[in-house]
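S.K.: Could you have a look at this structure, given as structure tokens, before my questions?
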Amino acid sequence: MPEQTGQYSVREAFEGSTVLITGATGYIGGLVLEQLLRVGRIGKAYLVIRTKKGESQQQRLKTLLSGPVFRLHHGTDSFHQIMGKVEVIPGDLAQPQCGISIANQKRLLPDVQYVIHAAASIQFDNPIHTDLTLSYIATKAIADFAAKMKKLRCFMYVSTAYSNAHLKKYSTVKEQLYPLREQDGQEVDHAAVVDRLLAMPVDEAQQEVQSVMKRLNFNHTNYGFCKNLTEQMLAGYHLNPFPVCISRPVSVGCVAKGPCPGYVGNTSGATGIILSIACGIGTFQSRTPNLPYTLVPGDVASSVIVASMAATAAGQGSQKGPNITQSCTSCSNPISLRQLTDHICEYYRQDPPSKDQFGDGKYEVHWTQDLEEYERWWQKGTTHTQQLARQLEEEGRMKSAARVRTAWKVWRTWSNGGGETGLRFDDSMVQHQLAPGLVDREKGNVLLTFTPEATGVSWPAYVHLYCAGAKQLFFHEKPKMPLQLEPVTLSSL
């Protein structure tokens, strides 16, 4: 990130400012919003929210504010002030202009100083048309809208560390752009790729993108591929007309310190692994056990986003390209795959769920490098899981059935050694510039690195906290470790 370095303050950058956020009802977006209100003391937050599963935009906002992420604000005199700072802007990323009305666009243009685009679909099996629309097309629409904002100080795009899965196996990914290139070294025209895929029928486009990713050696899903294309597109906006920040979190785990230790806001990545093992269906593994697992606490991911924007607003940033940061631990504080699964199994042997446990109760993960052996186990496990899910549905336990299916899907993605990349993610800019540059008075509330020295939390303690949070939030059972994750009731907004 910074070519220019020095001290900066989140409070000084954000106090009294107006922020536009997409994805605030998601896990990372919600943590960012809470931090901006509590630490940054922003003046106004406009949240682009769509209706979802029968819930209105206002209902979704109410669910967000009543949840554990805002635990530190509940019951305080300032809570009503905070609620008054937050306003819904109805929108939908899948619609033209992201569904933001002309009237609301006119309201936003004169005042917004920061844009945080955190909305995304993390379903790794979306059709390519869906991923392109929600990632590339929606981001371009938001960026074009932001280009008209007279007071804009920074545009933050939340990408993913897996946007560079075309790099050589076992490479170290640095905080820089990695354009896709053809075999002759020519840089891929991101706009031409997007236009061509969107012009094709859905099924044909899906086949074509698989062919393109294979040709470019991109060893991830449509999701990561589209994130790369979007990063390249946004690079064209940097400093003309606004500074661009890109944050690349790896697999985001539970909150480590504040505002709600143990809170888990998703079922992807490490959460899916935890649920698979807790349910007793994640028992076989074919990846290399000693490779680092890419995991970062949720409050570290949100802190890096907020701090990167504050540093950029203070004039610390690259003149050559977007200010890129990676929220990760695989270089600065690695945990191996085997260590992760051992810590999970260790926790659930001591504090297992009393229901929705469908294994032998031993909590063991077996490792093999024999892919044929793994596939035989997988076929047997798939049949068992399908039968189990149908049985739960017949009993009316729809959420339990969905949990089993989700856990099995994540376990398949994670346990298959055939798709292993072994990429490591470097966070030197965060470690050596963002973290030291933050003013001392804010370091307790802006957690930029996850090391025992910085947090007082070891990997075993963190994974056990994560498992306890998963038990309370997904199995609805009190863990032995006391946590404060209950939502509150809000009478009105």
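Labeling convention for the structure tokens: chains A, B, ... as they appear, residues from 1 per chain, ligands from 1 in order of appearance.
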Need the shell around A:Pro90: protein/DNA/RNA residues with any atom at most 12 Å away, counting only C-alpha atoms. Skip same-chain ones fewer than 5 positions apart. Format as number ranges by chain?
M.R.: A: 21-22, 46-52, 56-58, 60-61, 95, 97-105
S.K.: Nearest to A:Val410 among A:Phe425, A:Phe124, A:Phe475, A:Tyr348, with distances taken over only C-alpha atoms: which residue is it?
M.R.: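 Of A:Phe425, A:Phe124, A:Phe475, A:Tyr348, the one nearest A:Val410, counting only C-alpha atoms, is A:Phe124.
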S.K.: I'd like to know which residues of stretch 114-321 of chain A are helix (DSSP H, G or I) (by DSSP, run on the backbone); could you write them as a VMD selection string?
M.R.: chain A and resid 128 to 146 161 to 164 190 to 199 202 to 215 222 to 235 269 to 279 298 to 313
S.K.: Rank nothing, just name the residue among A:Ser400, A:Ser17, A:Thr383, A:Ser327 nearest to A:Cys279, using only C-alpha atoms.
M.R.: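 That would be A:Ser400, the residue with the smallest distance to A:Cys279.
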S.K.: From the set A:Arg107, A:His117, A:Arg181, A:Arg287, which residue has the shortest atom-to-atom contact distance to A:Leu234, counting only C-alpha atoms?
M.R.: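 Nearest candidate to A:Leu234 out of A:Arg107, A:His117, A:Arg181, A:Arg287: A:His117.
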S.K.: List as a ChimeraX atom specification the protein and nucleic acid residues near A:Ala191, meaning an atom at most 12 Å away when only C-alpha atoms are counted, but skip any in the same chain fewer than 2 places from it.
M.R.: /A:132,136-137,140,187-189,193-198,226,228-234,236
S.K.: So, with only C-alpha atoms as the atoms that count, which of A:Glu182, A:Glu373, A:Glu175, A:Asp131 lies closest to A:Val202?
M.R.: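 Smallest separation from A:Val202 among the options: A:Asp131.
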